[in-house]
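Participant: Once you've had a glance at the structure underneath, I'll fire off some questions.
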Amino acid sequence: MAPIMIGTQGKMAFLHLLIVLLVPLLANSSEDTSELRRWCFYTNWAQYRSNEMRFLPDDIDATLCTHISYAFANIVNNNLVAFEWNDENSKWSKGMYARVNELKINNKNLKTMLAVGGWNMGSLPFTHVISSKDNRKKFIENVITFLRIHNFDGLDICWIFPTKRGSQSGDKEKFGNLLKEMKDAFKKESKEKELLLGIVVGSKKSLIDEAYDIDAINKAVDVISIMSYDYYSPQDSEYAMHPSALYSGNSTNEDEYERNVNFTAHYWNSLGVPKKKINIGIPFYGRSFRTGSHTPEKGVKEGLPSFGKGNGGIYTKDKGFLAYYETCLLEKKSVFMEDRGVPFIAVDNDWIGYENIESVKLKANFALQNNYGGLMFWTLDLDDFKGICNGGEKYPLLTAANSVVNKDQSTKENTKDSS
C-alpha cells in the first residue's frame, strides 16, 4: 500500500484537531506538573505531644515541601470550621493557620492546602453536605470564603471513606457532583490565582470501585493523594504483614498481590486517572504486631501469626504504632526485604513493619520512573524532625525523598544544557 500523503491544509487541520483535543486536558488542572510534588501533611494535634516531640509550625522545614496540607478542619451544619482552639487567630495569639501560611513568605513557590475530614470525623458530615444541590452550594460558598480569609491555596478533601461508615452507595455519584460543582465555583471565583482541589483516596481495590466517580475526579480534581499504606494493621490482621510494601514480592495470593503501592498506583491509573494527578502516599510511621518470641528455630520473617497490637512508641504512646523517630532507635535490628522494597524490625515479642531512608528513596524513584505526579507524606511530625538518629540529621525521610527529586532535576538540567 502506498503511503498516504498529507498536504499543507491537511497538516493544519490535523494540528488544529490536536490542539482542540489537548488544550482541555492541559487546562483541566491548575496545578504545575513540571516537578515531582512533595505533599506534606501537618497535623494540628501534634502540638499536644509531650516534651521534646511536641510539633509546631516553627518545626516545619518548608524547603522540603512543595505543598503543605493542614489537617484537619471540620464540617458543622454544612460549613467548614476550624477544629482546634488555636487554629484561628485570637486577640491573644496568632493562630496555627496563620503560622503555617507565613511559611510562604520565604518560600515563594510553596502552596498550602486546608484538609477537611479524617478518620475521626467519619462520613456523616460529608453525607449531609452532598445530600442536596442547595447543601453543596452552601458548603462550596463557605469553603471559598474560609480559604480566602485564612490565605490557603486550596481544599484537600479527606473523606474516609465514601460509601462506608454510614455513607450509602448512592453517595459515589453525589460526591462526584460535589467535586464538579466545587471546581466550577473555584474557576468562576478565581481572579488571579485559582484555588486548588485535592482529595485523599483509599487504596483497597473494592473500595476504589465502589466509592469514587472516576469521571468526576478527572474533570474536577487537581491532585489525588493515595493512602498507599495501612494495607495491614495489627488490629485486624491474622498475620504480621508490612503495612506499606512497595511490591507484592513473591506472593501468589490474590489478596496479598493487591495490597501494595505498585498495584494500587497502577490500578488508579488503569481506571483513567492521569499519572500526573497522582501522589504516592508514604507513611512516616510503622505498625507493630505482637507475634511472640523470635527464636532461631521459628525464624524472623514477614507473615508470622499476629496476636494483635504490639508495643507503642515511647513518645507517641499508641499501641501498635511507632513514629519513625521511634523505630530509627531500633534500626540496628532492621531487615530489608528486597522483594517487597521495605524493612522490618523484630524486637522482643513484636514485629514492626516501617519505612526507612532506603525504602523512601525506592518509592521516590518509583514515582519518578513511572511518571507519577508526586509523593504525599503522612506526616511531618512523624519524621525524625529533631535529628535524634542518623547522626543528628533532621527530617531524614523527607530529605531522602528530596535527594531523589533533586538528583532527577539536576540530570534534566544537565541534559538540557548539553543538547
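Ligands are numbered from 1 in the order shown, residues from 1 within each chain, and chains are lettered A, B, ... in the order they appear in the C-alpha cells.
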Using DSSP assignments from the backbone, pull out every residue in region 296-353 of chain A that falls under helix (DSSP H, G or I) and give it to me as a ChimeraX atom specification.
Facilitator: /A:324-333
Participant: Those residues with all heavy atoms, as a PDB file, in the first residue's frame please?
Facilitator:
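out-v7.pdb, written as the output of this step:
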ATOM      1  N   TYR A 324       8.625   7.337  62.973  1.00  0.00           N
ATOM      2  CA  TYR A 324       9.959   6.975  62.508  1.00  0.00           C
ATOM      3  C   TYR A 324      11.027   7.317  63.542  1.00  0.00           C
ATOM      4  O   TYR A 324      12.003   6.586  63.700  1.00  0.00           O
ATOM      5  CB  TYR A 324      10.297   7.653  61.173  1.00  0.00           C
ATOM      6  CG  TYR A 324      11.713   7.351  60.748  1.00  0.00           C
ATOM      7  CD1 TYR A 324      12.079   6.046  60.390  1.00  0.00           C
ATOM      8  CD2 TYR A 324      12.706   8.325  60.767  1.00  0.00           C
ATOM      9  CE1 TYR A 324      13.385   5.740  60.047  1.00  0.00           C
ATOM     10  CE2 TYR A 324      14.015   8.033  60.419  1.00  0.00           C
ATOM     11  CZ  TYR A 324      14.353   6.741  60.062  1.00  0.00           C
ATOM     12  OH  TYR A 324      15.647   6.434  59.740  1.00  0.00           O
ATOM     13  N   TYR A 325      10.849   8.420  64.272  1.00  0.00           N
ATOM     14  CA  TYR A 325      11.855   8.781  65.272  1.00  0.00           C
ATOM     15  C   TYR A 325      11.887   7.798  66.442  1.00  0.00           C
ATOM     16  O   TYR A 325      12.786   7.865  67.283  1.00  0.00           O
ATOM     17  CB  TYR A 325      11.682  10.222  65.760  1.00  0.00           C
ATOM     18  CG  TYR A 325      10.339  10.591  66.342  1.00  0.00           C
ATOM     19  CD1 TYR A 325       9.921  10.135  67.581  1.00  0.00           C
ATOM     20  CD2 TYR A 325       9.488  11.446  65.645  1.00  0.00           C
ATOM     21  CE1 TYR A 325       8.695  10.494  68.112  1.00  0.00           C
ATOM     22  CE2 TYR A 325       8.255  11.820  66.171  1.00  0.00           C
ATOM     23  CZ  TYR A 325       7.864  11.337  67.400  1.00  0.00           C
ATOM     24  OH  TYR A 325       6.653  11.702  67.924  1.00  0.00           O
ATOM     25  N   GLU A 326      10.934   6.859  66.475  1.00  0.00           N
ATOM     26  CA  GLU A 326      10.953   5.784  67.472  1.00  0.00           C
ATOM     27  C   GLU A 326      11.521   4.493  66.881  1.00  0.00           C
ATOM     28  O   GLU A 326      12.295   3.794  67.543  1.00  0.00           O
ATOM     29  CB  GLU A 326       9.544   5.557  68.013  1.00  0.00           C
ATOM     30  CG  GLU A 326       9.038   6.753  68.818  1.00  0.00           C
ATOM     31  CD  GLU A 326       7.546   6.754  69.060  1.00  0.00           C
ATOM     32  OE1 GLU A 326       6.786   6.289  68.173  1.00  0.00           O
ATOM     33  OE2 GLU A 326       7.119   7.237  70.122  1.00  0.00           O
ATOM     34  N   THR A 327      11.195   4.196  65.633  1.00  0.00           N
ATOM     35  CA  THR A 327      11.754   2.988  65.001  1.00  0.00           C
ATOM     36  C   THR A 327      13.224   3.165  64.654  1.00  0.00           C
ATOM     37  O   THR A 327      13.992   2.196  64.666  1.00  0.00           O
ATOM     38  CB  THR A 327      10.972   2.612  63.724  1.00  0.00           C
ATOM     39  OG1 THR A 327      10.923   3.739  62.842  1.00  0.00           O
ATOM     40  CG2 THR A 327       9.566   2.160  64.058  1.00  0.00           C
ATOM     41  N   CYS A 328      13.625   4.406  64.363  1.00  0.00           N
ATOM     42  CA  CYS A 328      15.034   4.599  63.980  1.00  0.00           C
ATOM     43  C   CYS A 328      15.990   4.269  65.125  1.00  0.00           C
ATOM     44  O   CYS A 328      17.162   3.945  64.897  1.00  0.00           O
ATOM     45  CB  CYS A 328      15.268   6.017  63.473  1.00  0.00           C
ATOM     46  SG  CYS A 328      15.164   7.327  64.707  1.00  0.00           S
ATOM     47  N   LEU A 329      15.492   4.309  66.348  1.00  0.00           N
ATOM     48  CA  LEU A 329      16.314   3.935  67.503  1.00  0.00           C
ATOM     49  C   LEU A 329      16.597   2.440  67.546  1.00  0.00           C
ATOM     50  O   LEU A 329      17.493   1.982  68.253  1.00  0.00           O
ATOM     51  CB  LEU A 329      15.613   4.361  68.793  1.00  0.00           C
ATOM     52  CG  LEU A 329      15.381   5.867  68.981  1.00  0.00           C
ATOM     53  CD1 LEU A 329      14.451   6.123  70.167  1.00  0.00           C
ATOM     54  CD2 LEU A 329      16.711   6.591  69.179  1.00  0.00           C
ATOM     55  N   LEU A 330      15.818   1.674  66.768  1.00  0.00           N
ATOM     56  CA  LEU A 330      15.927   0.208  66.770  1.00  0.00           C
ATOM     57  C   LEU A 330      16.527  -0.329  65.473  1.00  0.00           C
ATOM     58  O   LEU A 330      16.548  -1.540  65.253  1.00  0.00           O
ATOM     59  CB  LEU A 330      14.531  -0.418  66.970  1.00  0.00           C
ATOM     60  CG  LEU A 330      13.730   0.064  68.186  1.00  0.00           C
ATOM     61  CD1 LEU A 330      12.285  -0.447  68.096  1.00  0.00           C
ATOM     62  CD2 LEU A 330      14.381  -0.421  69.468  1.00  0.00           C
ATOM     63  N   GLU A 331      17.028   0.549  64.617  1.00  0.00           N
ATOM     64  CA  GLU A 331      17.386   0.131  63.259  1.00  0.00           C
ATOM     65  C   GLU A 331      18.571  -0.825  63.166  1.00  0.00           C
ATOM     66  O   GLU A 331      18.793  -1.427  62.118  1.00  0.00           O
ATOM     67  CB  GLU A 331      17.628   1.357  62.372  1.00  0.00           C
ATOM     68  CG  GLU A 331      16.327   1.986  61.892  1.00  0.00           C
ATOM     69  CD  GLU A 331      16.448   2.679  60.547  1.00  0.00           C
ATOM     70  OE1 GLU A 331      16.867   3.841  60.528  1.00  0.00           O
ATOM     71  OE2 GLU A 331      16.113   2.041  59.532  1.00  0.00           O
ATOM     72  N   LYS A 332      19.314  -0.988  64.232  1.00  0.00           N
ATOM     73  CA  LYS A 332      20.396  -1.977  64.198  1.00  0.00           C
ATOM     74  C   LYS A 332      19.838  -3.387  64.009  1.00  0.00           C
ATOM     75  O   LYS A 332      20.556  -4.286  63.568  1.00  0.00           O
ATOM     76  CB  LYS A 332      21.226  -1.897  65.483  1.00  0.00           C
ATOM     77  CG  LYS A 332      22.098  -0.648  65.579  1.00  0.00           C
ATOM     78  CD  LYS A 332      22.946  -0.640  66.832  1.00  0.00           C
ATOM     79  CE  LYS A 332      23.833   0.587  66.898  1.00  0.00           C
ATOM     80  NZ  LYS A 332      24.664   0.635  68.132  1.00  0.00           N
ATOM     81  N   LYS A 333      18.558  -3.558  64.345  1.00  0.00           N
ATOM     82  CA  LYS A 333      17.918  -4.870  64.205  1.00  0.00           C
ATOM     83  C   LYS A 333      17.074  -4.961  62.928  1.00  0.00           C
ATOM     84  O   LYS A 333      16.317  -5.902  62.753  1.00  0.00           O
ATOM     85  CB  LYS A 333      17.032  -5.144  65.423  1.00  0.00           C
ATOM     86  CG  LYS A 333      17.796  -5.187  66.738  1.00  0.00           C
ATOM     87  CD  LYS A 333      16.888  -5.530  67.908  1.00  0.00           C
ATOM     88  CE  LYS A 333      17.677  -5.615  69.210  1.00  0.00           C
ATOM     89  NZ  LYS A 333      16.825  -5.962  70.367  1.00  0.00           N
TER      90      LYS A 333
END
Participant: For Ala364 (chain A), find every residue with an atom within 6 Å (counting only C-alpha atoms), except residues of its own chain fewer than 3 positions away, and show them as a ChimeraX atom specification.
Facilitator: /A:361,367,401
Participant: Could you take the residues named above and write them with N, CA and C atoms, as a PDB file, in the first residue's frame?
Facilitator:
ATOM      1  N   LYS A 361      13.509   6.262  49.456  1.00  0.00           N
ATOM      2  CA  LYS A 361      14.181   6.534  48.184  1.00  0.00           C
ATOM      3  C   LYS A 361      13.651   5.647  47.072  1.00  0.00           C
ATOM      4  N   ALA A 367       8.032   6.610  41.823  1.00  0.00           N
ATOM      5  CA  ALA A 367       7.156   7.676  41.332  1.00  0.00           C
ATOM      6  C   ALA A 367       7.762   8.371  40.115  1.00  0.00           C
ATOM      7  N   ALA A 401      13.708  11.603  50.226  1.00  0.00           N
ATOM      8  CA  ALA A 401      12.830  11.764  49.068  1.00  0.00           C
ATOM      9  C   ALA A 401      13.274  12.953  48.214  1.00  0.00           C
TER      10      ALA A 401
END
Participant: Do you have, as a Markdown table, the list of residues of region 212-330 of chain A lying at most 10 Å from region 41-56 of chain A, each with its nearest atom pair and that distance in Å to one decimal, counting only C-alpha atoms and ordered by chain then number?
Facilitator:
| residue | atom | partner | partner_atom | distance |
| --- | --- | --- | --- | --- |
| A:Tyr315 | CA | A:Met53 | CA | 7.0 |
| A:Thr316 | CA | A:Arg49 | CA | 7.2 |
| A:Lys317 | CA | A:Arg49 | CA | 9.5 |
| A:Tyr325 | CA | A:Met53 | CA | 9.3 |
Participant: Pick out the residues sitting within 6 Å of His242 (chain A), and hand them over as a ChimeraX atom specification; count only C-alpha atoms, and ignore anything fewer than 2 positions along from it in its own chain.
Facilitator: /A:244-245,353
Participant: Print the selection's residues with all heavy atoms to a file, as a PDB file, in the first residue's frame.
Facilitator:
ATOM      1  N   SER A 244       2.940  -1.127  54.314  1.00  0.00           N
ATOM      2  CA  SER A 244       3.102  -0.213  53.169  1.00  0.00           C
ATOM      3  C   SER A 244       4.155  -0.706  52.178  1.00  0.00           C
ATOM      4  O   SER A 244       4.976   0.079  51.694  1.00  0.00           O
ATOM      5  CB  SER A 244       3.473   1.186  53.660  1.00  0.00           C
ATOM      6  OG  SER A 244       4.620   1.152  54.497  1.00  0.00           O
ATOM      7  N   ALA A 245       4.119  -1.993  51.869  1.00  0.00           N
ATOM      8  CA  ALA A 245       5.112  -2.570  50.952  1.00  0.00           C
ATOM      9  C   ALA A 245       4.984  -1.951  49.561  1.00  0.00           C
ATOM     10  O   ALA A 245       3.885  -1.675  49.082  1.00  0.00           O
ATOM     11  CB  ALA A 245       4.951  -4.078  50.873  1.00  0.00           C
ATOM     12  N   GLY A 353       6.690  -3.402  60.949  1.00  0.00           N
ATOM     13  CA  GLY A 353       6.862  -3.014  59.556  1.00  0.00           C
ATOM     14  C   GLY A 353       6.877  -1.500  59.464  1.00  0.00           C
ATOM     15  O   GLY A 353       5.962  -0.844  59.978  1.00  0.00           O
TER      16      GLY A 353
END
Participant: Quick check, in Å to one decimal: how far apart do CA of Leu110 (chain A) and CA of Leu362 (chain A) lie?
Facilitator: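 According to the coordinates, CA of Leu110 (chain A) and CA of Leu362 (chain A) are separated by 24.7 Å.
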Participant: Find the residues near region 336-340 of chain A: any atom within 10 Å, counting only C-alpha atoms, skip ones fewer than 3 places away on the same chain, and give them as a list in words.
Facilitator: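 Returned residues: His242, Ser244, Ala245, Leu246, Tyr247, Ser248, Gly249, Asn250, Ser251, Asn260, Val261, Lys301, Glu302, Pro343, Phe344, Ile345, Glu355, Asn356, Glu358 and Ser359 of chain A.
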Participant: Which is closer to Phe307 (chain A) than all the others in A:Asp236, A:Glu393, A:Asp348, A:Glu254, using only C-alpha atoms?
Facilitator: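 Among A:Asp236, A:Glu393, A:Asp348, A:Glu254, it is A:Asp236 that comes nearest to Phe307 (chain A).
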Participant: Counting only C-alpha atoms, which residue out of A:Asn371, A:Thr63, A:Asn390, A:Ser169 sits closest to Asn106 (chain A)?
Facilitator: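 Closest to Asn106 (chain A), using only C-alpha atoms: A:Thr63.
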Participant: Would you work out the distance separating CA of Ser123 (chain A) from CA of Ile226 (chain A), expressed in Å to one decimal?
Facilitator: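 Between these atoms lies a distance of 18.1 Å.
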Participant: From the list A:Cys158, A:Met227, A:Ile149, A:Ile214, which residue is nearest Asn89 (chain A) when using only C-alpha atoms?
Facilitator: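 Checking each of A:Cys158, A:Met227, A:Ile149, A:Ile214 against Asn89 (chain A), counting only C-alpha atoms, the winner is A:Ile149.
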Participant: Kindly indicate which residue among A:Glu141, A:Asp350, A:Asp59, A:Asp134 lies nearest to Ala185 (chain A), using only C-alpha atoms for the distances.
Facilitator: A:Glu141
